[in-house]
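Quick notes on the structure that follows.
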Amino acid sequence: MARINVLSKHIAELIAAGEVVERPASVVKELMENSIDAGATTITLEIKNGGVTYIRITDNGCGICREDVPKAFLSHATSKVKEAADLNSIFTLGFRGEALASIAAVSRTEILTKTVEEEMGTVYTIEGGMQVSYDAAGCPNGTTIVVRDLFYNTPARMKFLKRDVSEANAVADVVDKIALSHPEISIRFIREGKQALITPGDGRLLSAIYSVFGRTFAESLLEVDYELDGIKVTGYVCKPVCSRPSRAMQYFFLNSRNIKSRSIMASMENAYKNTIMVGKFPSCVLNVYVRPETVDVNVHPAKTEVRFSDERKVSSAVYYAVKGALSDFDSAPQVDSNKMAKLTEKAKPDYAQLQMVEDDTPNTARQAPEKAFKAASAVLADSPSKKDKPFWENISASEFKSSVSVSSPKHINKGFTNADEPDLVSAFKTRSKPAAASAAASQSLKPSRAAEPQAPNTVKPVEKTSVTYEEKKSATEGKKVVITEAKPTPKPLRLLGEAFKTYIICEYDNKVCLIDKHAAHERIIYNKIKKNAQDNVSSQVLLTPVTVTLNKNEYNVILENLDVFSKAGYLVEDFGTGTVIVRECPMLISGDDIEDTVVEMALYLGENRTNIESEKIDRIHHTSACKAAIKAGYKNSTAEMKVLAEAVLYDDSVRYCPHGRPVLLELTKYELEKMFGRIQ
């Protein structure tokens with residue numbers, strides 16, 4: 001039997017560090033939470049190389065007393081818990097006293113701190129859990145912690161770190177959650193020497209959301225403010241039309257602490273029931289406030305999972321809060337009669353405006369034919385030989401046309417007779433000589449002088465020549481004749497109707513066919529996209545590029561697969577922290593479907609990082625076709641349904657959608673008669 005050994009302090013600290021410090025994002029989370037607990041109103045974070053080589057966090061909190069600085073780096077040393085009863089009423093984000101000790105055990109850490117009561121600050125350096133220096137220093141009130149060379153003494157842990165860009169995006173995700181949970185704190189994030197985020201710290205959650213996710217996402221939100229049995233729910237949820245293909249943009253906070261709760265998530269999504277499409281998920285930023293004694297936050301090492309004393313009550317509060325916000329959004333707005341009256345008065349034109357319009361303009365246009373008719377009658381009245389005949393027998397069409405032409409100036413129509421008009425019929429007959437025909441037509445279009453008589457335009461007709469059988473034989477002799485087998489004419493199709501606005505019913509080849517129009521259209525589009533990709537058909541350039549807002553994990557996945565999107569026909573570029581822009585997309589894809597395609601592909605690529613490139617490209621084609629296809633429940637015209645049915649029944653390759661679902665179900669006449677008992 002192996003002997004039991006008592007581990008040294010250094011080894012114990014390394015083991016403890018593995019539970020708290022997994023990557024640079026873990027360090028940032030613990031240190032920023034300490035700054036928040038210290039009462040800071042401004043926090044500045046700076047990282048380099050994804051936080052692996054350099055992390056600096058500066059705050060204006062209360063600071064640490066000089067004599068307490070070395071104690072802060074000991075295991076289970078904390079100022080937030082003094083006795084066991086304090087665990088039942090935890091208001092702070094940190095309380096275990098493990099963060100600083102774990103960080104110092106696997107890095108080179110330096111702290112510079114000062115309290116308001118002290119005249120001089122303190123600088124303390126510790127490497128690998130061992131103290132290096134402890135001196136006085138001049139510094140402002142607050143604390144600055146610098147962490148260098150993370151995992152320098154644990155190379156096995158270093159191997160599991162990802163690229164610097166991925167680690168930096170993970171840090172940015174932590175910063176986003178802290179900024180959303182504490183809008184009263186101004187947070188500044190500097191990434192590789194460039195400012196990536198700054199929040200105003202004005203206490204308004206919408207301002208923090210705007211800073212983190214941008215204007216488009218902020219404008220799609222509805223405010224939530226509700227309280228039930230001492231449980232308060234505040235924040236924002238998205239409008240039903242702005243739902244997303246994944247749950248990545250759902251943020252839940254409990255007493256300003258980021259958590260993951262299936263019950264809260266399910267309650268929020270149940271409130272959206274029957275308002276969003278199947279397969280879509282709402283986005284939200286919700287903060288739930290409960291009494292500290294009714295929740296246990298000491299469940300998970302990262303403190304992201306909690307346990308409620310009455311989970312059903314919390315779920316009900318979230319459900320009714322979200323449901324109330326959606327009900328207010330769906331209600332019809334009330335019309336203010338006084339305001340409408342004022343708007344109507346403003347819309348009426350005054351006398352000065354009416355005088356600006358020419359009074360005789362509408363009358364002139366309305367009375368022009370009548371004046372022209374009288375003028376033509378007056379001309380005929382001057383001719384004694386034409387008085388006794390009916391009007392239309394005395395005047396030709398060209399004469400009446402010239403007399404009623406009031407819109408054109410007189411000098412344009414002067415001298416242009418019917419003979420000047422080109423003979424279009426003759427011109428088409430002589431298209432074997434386009435030069436002569438065009439010359440004759442152009443010559444005929446030139447107006448003649450009034451003094452010179454113009455001969456009527458004549459075009460020499462083309463003489464028809466007959467070709468004898470011997471001439472045809474000599475012309476084809478010596479040429480190889482290729483006989484192609486004609487394709488069989490497809491059998492007629494009779495459209496019977498549509499069921500549930502989803503399935504097309506038609507009669508074809510003594511069969512009753514049921515066609516899933518979404519699956520069929522999806523397969524047709526998928527085949528065309530694949531063919532265009534094989535034929536190297538260029539993508540379409542979007543007149544208005546589409547910007548897609550993502551959380552930092554999705555954003556990192558998209559940046560890692562830009563070449564995959566390029567080979568699939570999409571031109572995707574980095575548009576700033578958390579946002580990508582799509583400038584090109586394959587043919588047949590609508591601009592409205594691009595955002596959903598990118599978000600859904602971010603979820604797929606994040607879960608299938610090890611798939612080969614061809615599978616990823618094929619999945620992009622699948623997703624694009626699915627988003628562009630007709631949706632179940634959409635109303636289509638009879639002509640559209642018939643064209644879709646013919647495309648399915650006349651093409652054997654359209655039998656399964658790209659996801660494997662059947663497109664067509666057939667019921668023969670024999671099977672139908674047997675079901676009704678007509679045959680035995």
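Following the order of the structure tokens, chains are lettered A, B, ..., residues in each are numbered from 1, and ligands are numbered from 1.
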
(request) Please identify all polymer residues within 8 Å of Ser246 of chain A, counting only C-alpha atoms, omitting same-chain residues fewer than 4 positions from it, and present them as an MDAnalysis selection string. (result) chainID A and resid 280:281 599:600 603

(message) Residues within 12 Å of segment 535-537 of chain A, please, as a PyMOL selection string. Count only C-alpha atoms; anything in the same chain fewer than 2 positions from it doesn't count.
(response) chain A and resi 528-533+539-540+567-569+585-588

Written selection (N, CA and C atoms) as a CSV table (one decimal), in the first residue's frame:
chain,number,residue,atom,x,y,z
A,528,LYS,N,-28.1,24.3,-56.8
A,528,LYS,CA,-27.6,25.4,-57.6
A,528,LYS,C,-26.4,26.1,-57.0
A,529,ILE,N,-26.4,26.2,-55.7
A,529,ILE,CA,-25.2,26.8,-55.0
A,529,ILE,C,-24.0,25.9,-55.2
A,530,LYS,N,-24.1,24.6,-55.1
A,530,LYS,CA,-23.0,23.7,-55.3
A,530,LYS,C,-22.5,23.8,-56.8
A,531,LYS,N,-23.5,23.8,-57.7
A,531,LYS,CA,-23.1,23.9,-59.1
A,531,LYS,C,-22.3,25.2,-59.4
A,532,ASN,N,-22.8,26.3,-58.8
A,532,ASN,CA,-22.1,27.6,-59.0
A,532,ASN,C,-20.7,27.6,-58.5
A,533,ALA,N,-20.6,26.9,-57.3
A,533,ALA,CA,-19.2,26.8,-56.7
A,533,ALA,C,-18.3,26.0,-57.6
A,539,SER,N,-19.4,35.4,-56.7
A,539,SER,CA,-20.4,35.8,-55.8
A,539,SER,C,-21.0,37.2,-56.2
A,540,GLN,N,-22.1,37.5,-55.6
A,540,GLN,CA,-22.7,38.8,-55.8
A,540,GLN,C,-22.2,39.8,-54.7
A,567,LYS,N,-14.2,30.4,-49.4
A,567,LYS,CA,-14.4,29.3,-50.4
A,567,LYS,C,-15.8,28.9,-50.6
A,568,ALA,N,-16.7,29.3,-49.6
A,568,ALA,CA,-18.1,29.0,-49.7
A,568,ALA,C,-18.9,30.1,-50.4
A,569,GLY,N,-18.1,31.2,-50.9
A,569,GLY,CA,-18.8,32.2,-51.6
A,569,GLY,C,-19.1,33.5,-50.8
A,585,CYS,N,-21.8,37.5,-51.1
A,585,CYS,CA,-22.5,36.2,-50.7
A,585,CYS,C,-22.8,35.5,-52.0
A,586,PRO,N,-23.1,34.2,-52.0
A,586,PRO,CA,-23.4,33.5,-53.2
A,586,PRO,C,-24.7,34.0,-53.8
A,587,MET,N,-24.9,33.7,-55.1
A,587,MET,CA,-26.1,34.0,-55.8
A,587,MET,C,-27.3,33.2,-55.1
A,588,LEU,N,-28.5,33.7,-55.3
A,588,LEU,CA,-29.7,33.1,-54.8
A,588,LEU,C,-29.9,33.3,-53.3

(message) For Leu150 of chain A, find every residue with an atom within 8 Å (counting only C-alpha atoms), except residues of its own chain fewer than 4 positions away, and show them as a list of chain:residue names.
(response)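 The contact residues come out as A:Pro24, A:Gly51, A:Val52, A:Thr53, A:Tyr54, A:Val106, A:Ser107, A:Arg108.
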
(message) What's around segment 627-644 of chain A at 8 Å? Count only C-alpha atoms, leave out sequence neighbours fewer than 3 positions away in its own chain, and write the answer as an MDAnalysis selection string.
(response) chainID A and resid 495 500:502 504 517:522 525 588:590 593 596:597 623:624 647:648

Residue selection dump (N, CA, C and O atoms) as an mmCIF file, in the first residue's frame:
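The resulting part.cif:
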data_model
loop_
_atom_site.group_PDB
_atom_site.id
_atom_site.type_symbol
_atom_site.label_atom_id
_atom_site.label_comp_id
_atom_site.auth_asym_id
_atom_site.auth_seq_id
_atom_site.Cartn_x
_atom_site.Cartn_y
_atom_site.Cartn_z
ATOM 1 N N LEU A 495 -52.011 20.003 -60.488
ATOM 2 C CA LEU A 495 -51.931 20.504 -59.122
ATOM 3 C C LEU A 495 -53.296 20.396 -58.462
ATOM 4 O O LEU A 495 -54.296 20.903 -58.986
ATOM 5 N N PHE A 500 -52.046 22.701 -45.141
ATOM 6 C CA PHE A 500 -51.401 23.373 -44.012
ATOM 7 C C PHE A 500 -50.359 24.408 -44.457
ATOM 8 O O PHE A 500 -49.444 24.720 -43.703
ATOM 9 N N LYS A 501 -50.485 24.913 -45.689
ATOM 10 C CA LYS A 501 -49.535 25.873 -46.242
ATOM 11 C C LYS A 501 -48.095 25.354 -46.182
ATOM 12 O O LYS A 501 -47.156 26.125 -46.116
ATOM 13 N N THR A 502 -47.955 24.052 -46.202
ATOM 14 C CA THR A 502 -46.630 23.428 -46.074
ATOM 15 C C THR A 502 -46.402 22.358 -47.134
ATOM 16 O O THR A 502 -45.293 22.233 -47.654
ATOM 17 N N ILE A 504 -47.440 20.498 -50.754
ATOM 18 C CA ILE A 504 -48.095 20.619 -52.055
ATOM 19 C C ILE A 504 -48.658 19.260 -52.449
ATOM 20 O O ILE A 504 -47.965 18.234 -52.364
ATOM 21 N N LYS A 517 -42.669 21.705 -49.371
ATOM 22 C CA LYS A 517 -42.159 22.789 -50.216
ATOM 23 C C LYS A 517 -40.879 23.409 -49.645
ATOM 24 O O LYS A 517 -40.007 23.830 -50.418
ATOM 25 N N HIS A 518 -40.729 23.447 -48.323
ATOM 26 C CA HIS A 518 -39.484 23.990 -47.775
ATOM 27 C C HIS A 518 -38.312 23.066 -48.082
ATOM 28 O O HIS A 518 -37.258 23.502 -48.548
ATOM 29 N N ALA A 519 -38.490 21.763 -47.838
ATOM 30 C CA ALA A 519 -37.409 20.811 -48.094
ATOM 31 C C ALA A 519 -37.067 20.758 -49.580
ATOM 32 O O ALA A 519 -35.892 20.675 -49.959
ATOM 33 N N ALA A 520 -38.102 20.821 -50.425
ATOM 34 C CA ALA A 520 -37.850 20.770 -51.867
ATOM 35 C C ALA A 520 -37.100 22.013 -52.336
ATOM 36 O O ALA A 520 -36.103 21.921 -53.067
ATOM 37 N N HIS A 521 -37.570 23.175 -51.915
ATOM 38 C CA HIS A 521 -36.908 24.407 -52.332
ATOM 39 C C HIS A 521 -35.485 24.477 -51.782
ATOM 40 O O HIS A 521 -34.563 24.958 -52.453
ATOM 41 N N GLU A 522 -35.301 23.980 -50.569
ATOM 42 C CA GLU A 522 -33.962 23.965 -49.973
ATOM 43 C C GLU A 522 -33.006 23.114 -50.798
ATOM 44 O O GLU A 522 -31.854 23.507 -51.045
ATOM 45 N N ILE A 525 -32.146 24.924 -54.184
ATOM 46 C CA ILE A 525 -31.176 26.007 -53.988
ATOM 47 C C ILE A 525 -29.799 25.439 -53.675
ATOM 48 O O ILE A 525 -28.776 25.930 -54.175
ATOM 49 N N LEU A 588 -28.454 33.678 -55.308
ATOM 50 C CA LEU A 588 -29.687 33.083 -54.787
ATOM 51 C C LEU A 588 -29.884 33.331 -53.299
ATOM 52 O O LEU A 588 -30.903 32.933 -52.744
ATOM 53 N N ILE A 589 -28.929 33.984 -52.630
ATOM 54 C CA ILE A 589 -29.048 34.248 -51.200
ATOM 55 C C ILE A 589 -29.493 35.692 -51.011
ATOM 56 O O ILE A 589 -28.916 36.614 -51.586
ATOM 57 N N SER A 590 -30.517 35.871 -50.205
ATOM 58 C CA SER A 590 -31.017 37.212 -49.933
ATOM 59 C C SER A 590 -30.220 37.855 -48.800
ATOM 60 O O SER A 590 -29.711 37.167 -47.909
ATOM 61 N N ASP A 593 -31.077 37.005 -45.142
ATOM 62 C CA ASP A 593 -30.733 35.699 -44.574
ATOM 63 C C ASP A 593 -29.267 35.589 -44.173
ATOM 64 O O ASP A 593 -28.861 34.572 -43.618
ATOM 65 N N ASP A 596 -28.505 35.484 -40.111
ATOM 66 C CA ASP A 596 -28.840 34.192 -39.501
ATOM 67 C C ASP A 596 -27.860 33.108 -39.934
ATOM 68 O O ASP A 596 -27.502 32.234 -39.140
ATOM 69 N N THR A 597 -27.430 33.154 -41.184
ATOM 70 C CA THR A 597 -26.475 32.156 -41.666
ATOM 71 C C THR A 597 -25.153 32.254 -40.921
ATOM 72 O O THR A 597 -24.588 31.247 -40.490
ATOM 73 N N THR A 623 -26.688 25.531 -44.747
ATOM 74 C CA THR A 623 -27.320 26.597 -43.967
ATOM 75 C C THR A 623 -27.829 27.710 -44.865
ATOM 76 O O THR A 623 -28.923 28.243 -44.664
ATOM 77 N N SER A 624 -27.045 28.074 -45.875
ATOM 78 C CA SER A 624 -27.468 29.135 -46.793
ATOM 79 C C SER A 624 -28.744 28.738 -47.527
ATOM 80 O O SER A 624 -29.674 29.549 -47.660
ATOM 81 N N ALA A 647 -40.362 21.058 -60.676
ATOM 82 C CA ALA A 647 -38.923 20.966 -60.434
ATOM 83 C C ALA A 647 -38.564 19.729 -59.624
ATOM 84 O O ALA A 647 -37.491 19.147 -59.795
ATOM 85 N N VAL A 648 -39.463 19.297 -58.762
ATOM 86 C CA VAL A 648 -39.209 18.103 -57.950
ATOM 87 C C VAL A 648 -39.463 16.833 -58.748
ATOM 88 O O VAL A 648 -38.634 15.913 -58.781
#

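Across the model, the gap from atom CA of Leu649 of chain A to atom CA of Gly279 of chain A is 29.1 Å.
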
If we count only C-alpha atoms, what is near Arg523 of chain A at a cut-off of 8 Å, once residues fewer than 3 positions away on the same chain are taken out, given as a short mmCIF file (atom, residue, chain, number, x, y, z; two decimals) with C-alpha atoms, in the first residue's frame?
data_model
loop_
_atom_site.label_atom_id
_atom_site.label_comp_id
_atom_site.auth_asym_id
_atom_site.auth_seq_id
_atom_site.Cartn_x
_atom_site.Cartn_y
_atom_site.Cartn_z
CA ALA A 519 -37.41 20.81 -48.09
CA ALA A 520 -37.85 20.77 -51.87
CA TYR A 526 -28.48 23.78 -52.50
CA ASN A 527 -27.91 22.07 -55.86
CA ALA A 625 -29.98 27.04 -48.73
CA VAL A 654 -34.41 16.41 -55.70
CA TYR A 656 -33.96 14.52 -50.03
CA CYS A 657 -33.16 17.87 -48.46
CA PRO A 658 -29.49 18.56 -47.54
#

(message) If I take atom CA of Tyr210 of chain A and atom CA of Glu305 of chain A, how far is one from the other in Å, to one decimal?
(response)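 Atom-to-atom, atom CA of Tyr210 of chain A and atom CA of Glu305 of chain A are spaced 27.0 Å apart.
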
(request) Would you list the contacts of Lys232 of chain A as a PyMOL selection string, taking every protein, DNA or RNA residue within 9 Å and counting only C-alpha atoms, but skipping same-chain residues closer than 3 positions in sequence? (result) chain A and resi 225-229+287-290+317-318+321

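The gap separating atom CA of Thr115 of chain A from atom CA of Ile64 of chain A is 6.1 Å, in Å to one decimal.
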
(request) Fewer than 3 positions away in the same chain doesn't count, so skip those; otherwise give me all residues within 9 Å of Thr122 of chain A, counting only C-alpha atoms, as a PyMOL selection string. (result) chain A and resi 64-66+69+111-114+134-139

(message) Ranking A:Val580, A:Ile190, A:Ala40, A:Ala179 by minimum distance to Ser211 of chain A and counting only C-alpha atoms, which one comes first?
(response)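 Answer, going by the shortest atom-to-atom distance: A:Ala179.
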
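Here the question is which of A:Asp509, A:Glu498, A:Asp173, A:Asp310 gets nearest to Phe189 of chain A using only C-alpha atoms, and that residue is A:Asp173.
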
(message) To test your reading of the structure, identify every residue in segment 118-344 of chain A that backbone DSSP assigns to strand (DSSP E or B), and report it as an MDAnalysis selection string.
(response) chainID A and resid 121:127 130:137 142:148 186:191 194:198 221:228 231:238 244 250:254 257:259 281 284:289 295:296 307:308
